[in-house]
Amino acid sequence: MKTLLDKLWDAHEITRRDDGTSLLWVDRHLVHEGSHHAFAKISARGASVAHPDLTFAVVDHYAPTRAGTVAADVRRMIDTLGDNARRAGIRLYGLRDPGQGIVHVIGPEQGITLPGLLINCGDSHTSTHGAFGALAFGVGATEVAHILATQTIWQKRPKSMQLWFDGTLTEGVTAKDLALHWIAKLGSDGARGHAIEYAGPAIRNLSMEGRLTLCNLSIEGGGRFGMIAPDEATFTYLKGRPFAPAGDAWDKAVEDWRQLCSDDTAEFDSQIRFDASDVAPTVTWGTSPEEAAPITDQVPRPDDLGPNKAEHARASLAYMGLEPGARLVDVPVDEVFIGSCTNGRIEDLRMAAKVLAGRKARVPGLVSPGSAQVKKQAEQEGLATIFSQAGLEWADAGCSMCVGMNGDIVGAGKRCASSTNRNFKGRQGRGARTHLMSAAMVAAAAVKGHLADVRPLLEGRE
């Protein structure tokens with residue numbers, strides 16, 4: 001009996017060394033601006049890209065999202081990726097491409113991401129693509145070069161962990177809350193060295209956008225990657241996408257994809273159960289995604305967290321400028337950001353707009369859609385107008401203020417309610433204070449001017 005991990009790994013294993021390390025075939029390789037070191041490495045060796053047809057280049061981290069002059073160093077990074085892609089004959093999603101966007105948003109959007117594939121990218125949140133039942137994980141610069149030159153990668157098989165979610169998410173609670181909930185319970189190294197398979201009725205009820213958010217954050221709990229067995233929701237999402245199979249090939253593919261699930265009696269190295277109905281809208285209070293709590297709670301007192309976590313909590317609270325015991329809903333924010341590969345999809349924007357419709361934001365904020373297609377759809381649905389009328393800035397697609405490489409940053413000492421994936425010190429800018437939450441919760445913070453429970457703001461709204 002096999003787990004989903006076993007089936008995917010065995011299907012891609014070319015050979016195995018005596019130390020247990022496997023050489024795996026890579027079906028899709030996604031590269032972006034940071035890959036220039038890898039291109040330089042293979043060029044210095046006189047090698048070329050082995051399979052340009054299986055490699056896709058995306059401008060996202062440095063993509064300008066606002067009008068104005070582009071800094072010379074930002075322009076250089078974008079141009080370098082374009083030059084490398086054109087020389088190698090790689091499909092490039094550049095700034096003016098209608099398919100441009102964040103690599104982890106456009107992969108699924110274009111159908112580049114499919115069940116059963118092994119997908120690599122030089123970015124830790126490559127775990128996102130596991131939402132389709134794919135083997136997807138981030139790699140370092142040396143591995144990027146190896147994949148470019150050989151279309152293979154050496155990896156040790158991780159242990160398997162099943163996170164099973166019973167129950168149903170309540171109104172106003174999203175996949176982002178589910179992710180922050182389990183990471184807070186198990187810790188940022190709770191899944192270290194494991195491949196996580198998410199399962200259970202609460203997972204089956206998630207949309208594909210929600211599944212992408214959940215798998216995206218697997219890495220923040222220490223997981224090597226996250227996976228969800230494909231089902232009808234997966235097939236419905238993918239049908240008709242540009243790179244998805246068509247015609248008879250589609251029917252054959254779906255027949256194969258239905259086999260991508262853990263056998264009923266398959267054994268995992270670790271299994272943990274949660275009840276999704278216990279999950280509340282959740283926000284982070286510290287500088288790690290595990291430092292999170294329900295919005296109805298208080299800022300924790302470090303001494304209550306035990307000796308292993310107390311010291312880090314004190315440092316986190318000092319950086320965040322928070323007092324132990326303060327109510328989370330009393331924490332003011334200076335600005336808000338909606339976007340990123342975690343929560344920059346159309347479903348996230350719809351939820352945020354649902355909260356903001358007819359209301360005004362009390363603090364400034366930026367909304368950057370995850371892709372050009374998401375932006376176009378949001379404008380057609382009137383969501384962009386809602387954001388603008390609420391007083392938030394509507395920008396172009398890119399990683400934007402999640403990591404600030406394009407110049408979109410939070411000022412030192414400023415506090416940002418953010419739909420992004422990391423709240424590390426300085427992540428959104430030197431000295432910036434980040435509170436992670438769902439896009440709907442960011443919208444609630446914008447309306448209130450402080451961290452807020454989104455649930456009352458959704459009452460009476462369809």
# chains A, B, ... in the order shown; residues from 1 in each chain; ligands from 1
$ residues_around --residues "A:Ala315" --least-positions-apart "4" --cutoff "12 Å" --atoms "only C-alpha atoms" --output "PyMOL selection string"
chain A and resi 285-288+291+302+309-311+319-324+424-425
$ write_last_selection --atoms "N, CA, C and O atoms" --output "CSV table (one decimal), in the first residue's frame"
chain,number,residue,atom,x,y,z
A,285,TRP,N,1.3,37.6,15.8
A,285,TRP,CA,1.6,38.7,16.7
A,285,TRP,C,3.2,38.9,16.8
A,285,TRP,O,3.6,39.9,17.3
A,286,GLY,N,3.9,37.9,16.2
A,286,GLY,CA,5.4,37.9,16.4
A,286,GLY,C,6.1,38.0,15.0
A,286,GLY,O,5.6,38.6,14.1
A,287,THR,N,7.3,37.4,15.0
A,287,THR,CA,8.1,37.5,13.8
A,287,THR,C,8.3,36.1,13.2
A,287,THR,O,9.3,35.9,12.5
A,288,SER,N,7.5,35.2,13.5
A,288,SER,CA,7.4,33.9,12.8
A,288,SER,C,6.0,33.5,12.6
A,288,SER,O,5.1,33.8,13.4
A,291,GLU,N,4.0,32.2,15.5
A,291,GLU,CA,3.5,33.1,16.5
A,291,GLU,C,2.2,33.8,16.1
A,291,GLU,O,2.2,35.0,15.7
A,302,PRO,N,5.2,36.0,27.4
A,302,PRO,CA,6.2,35.0,27.1
A,302,PRO,C,6.4,33.9,28.1
A,302,PRO,O,6.7,32.8,27.8
A,309,LYS,N,10.2,28.7,24.2
A,309,LYS,CA,9.7,29.7,23.3
A,309,LYS,C,9.7,31.1,23.9
A,309,LYS,O,9.5,32.1,23.2
A,310,ALA,N,9.9,31.2,25.2
A,310,ALA,CA,9.8,32.5,25.9
A,310,ALA,C,10.8,33.5,25.4
A,310,ALA,O,10.4,34.7,25.1
A,311,GLU,N,12.0,33.1,25.2
A,311,GLU,CA,13.0,34.1,24.8
A,311,GLU,C,12.8,34.7,23.4
A,311,GLU,O,12.9,35.9,23.2
A,319,TYR,N,10.4,43.6,19.0
A,319,TYR,CA,10.5,44.1,17.6
A,319,TYR,C,9.2,44.6,17.1
A,319,TYR,O,9.1,45.6,16.4
A,320,MET,N,8.1,43.9,17.5
A,320,MET,CA,6.8,44.3,17.0
A,320,MET,C,6.2,45.4,17.8
A,320,MET,O,5.1,46.0,17.5
A,321,GLY,N,6.8,45.8,18.9
A,321,GLY,CA,6.3,46.9,19.7
A,321,GLY,C,5.0,46.6,20.4
A,321,GLY,O,4.1,47.5,20.5
A,322,LEU,N,4.8,45.4,20.9
A,322,LEU,CA,3.5,45.0,21.5
A,322,LEU,C,3.8,44.7,23.0
A,322,LEU,O,4.8,44.2,23.4
A,323,GLU,N,2.7,44.9,23.8
A,323,GLU,CA,2.7,44.6,25.2
A,323,GLU,C,2.1,43.3,25.5
A,323,GLU,O,0.9,43.0,25.0
A,324,PRO,N,2.7,42.4,26.3
A,324,PRO,CA,2.0,41.1,26.6
A,324,PRO,C,0.7,41.4,27.3
A,324,PRO,O,0.5,42.3,28.1
A,424,PHE,N,8.9,37.7,9.0
A,424,PHE,CA,10.2,37.8,9.6
A,424,PHE,C,10.6,39.2,9.7
A,424,PHE,O,10.1,40.1,9.0
A,425,LYS,N,11.6,39.5,10.6
A,425,LYS,CA,12.1,40.8,10.8
A,425,LYS,C,12.6,41.4,9.5
A,425,LYS,O,13.4,40.8,8.8
$ residues_around --residues "stretch 193-196 of chain A" --least-positions-apart "3" --cutoff "7 Å" --atoms "only C-alpha atoms" --output "PyMOL selection string"
chain A and resi 158-163+222-227
$ write_last_selection --atoms "C-alpha atoms" --output "short mmCIF file (atom, residue, chain, number, x, y, z; two decimals), in the first residue's frame"
data_model
loop_
_atom_site.label_atom_id
_atom_site.label_comp_id
_atom_site.auth_asym_id
_atom_site.auth_seq_id
_atom_site.Cartn_x
_atom_site.Cartn_y
_atom_site.Cartn_z
CA PRO A 158 11.33 12.98 2.93
CA LYS A 159 9.24 11.34 5.60
CA SER A 160 5.48 11.40 5.10
CA MET A 161 3.05 13.31 7.30
CA GLN A 162 -0.72 13.39 6.95
CA LEU A 163 -2.57 16.38 8.38
CA GLY A 222 8.88 23.20 8.23
CA GLY A 223 7.41 20.89 5.58
CA ARG A 224 9.51 20.04 2.52
CA PHE A 225 6.32 20.41 0.50
CA GLY A 226 2.55 20.04 0.71
CA MET A 227 0.20 17.92 -1.38
#
$ residues_around --residues "stretch 406-414 of chain A" --least-positions-apart "2" --cutoff "9 Å" --atoms "only C-alpha atoms" --output "ChimeraX atom specification"
/A:61-66,70-71,74,319-321,333-335,398-404,416,426-434
$ select_by_dssp --residues "stretch 144-269 of chain A" --states "alpha helix (DSSP H)" --output "PyMOL selection string"
chain A and resi 144-150+175-186+201-204+208-216+232-238+248-257
$ residues_around --residues "A:Pro98" --least-positions-apart "4" --cutoff "12 Å" --atoms "only C-alpha atoms" --output "list in words"
Val58, Leu92, Tyr93, Gly94, Ile106, Glu109, Gln110, Ser371, Ala372, Gln373, Val374, Lys375, Lys376, Asp396 and Ala397 of chain A
$ residues_around --residues "A:Leu217" --least-positions-apart "6" --cutoff "10 Å" --atoms "only C-alpha atoms" --output "list of chain:residue names"
A:Ser124, A:His125, A:Thr126, A:Ser127, A:Thr128, A:Ala175, A:Lys176, A:Ala179, A:Leu180, A:Ile183, A:Gly223, A:Phe225, A:Gly226, A:Pro289, A:Cys341, A:Thr342, A:Thr420, A:Asn421, A:Arg422
$ closest_residue --among "A:Gly99, A:Ala85, A:Val299, A:His12" --to "A:Arg241" --atoms "only C-alpha atoms"
A:Gly99
$ atom_distance --atom1 "atom CA of A:Ala249" --atom2 "atom CA of A:Cys215"
27.3 Å
$ atom_distance --atom1 "atom CA of A:Lys252" --atom2 "atom CA of A:Asp27"
18.1 Å
$ residues_around --residues "A:Trp25" --least-positions-apart "2" --cutoff "9 Å" --atoms "only C-alpha atoms" --output "ChimeraX atom specification"
/A:11-14,23,27,118,150-153
$ atom_distance --atom1 "atom CA of A:Pro332" --atom2 "atom CA of A:His435"
10.9 Å
$ closest_residue --among "A:Gly133, A:Gly460, A:Gly344, A:Gly20" --to "A:Phe235" --atoms "only C-alpha atoms"
A:Gly133
$ residues_around --residues "A:Val363" --least-positions-apart "5" --cutoff "12 Å" --atoms "only C-alpha atoms" --output "list in words"
Pro332, Val333, Asp334, Glu335, Val336, Phe337, Ala390, Gly391, Leu392, Glu393, Lys414, Arg415, Cys416, Ala417, Val442, Ala443, Ala444, Ala445, Ala446, Val447, Lys448, Gly449, His450 and Leu451 of chain A
$ select_by_dssp --residues "stretch 177-243 of chain A" --states "strand (DSSP E)" --output "PyMOL selection string"
chain A and resi 194-199+225-227
$ closest_residue --among "A:Thr234, A:Asn423, A:Asn216, A:Asn205" --to "A:Trp257" --atoms "only C-alpha atoms"
A:Thr234
$ closest_residue --among "A:Gly138, A:Gly221, A:Pro201, A:Gly101" --to "A:Ile119" --atoms "only C-alpha atoms"
A:Gly138
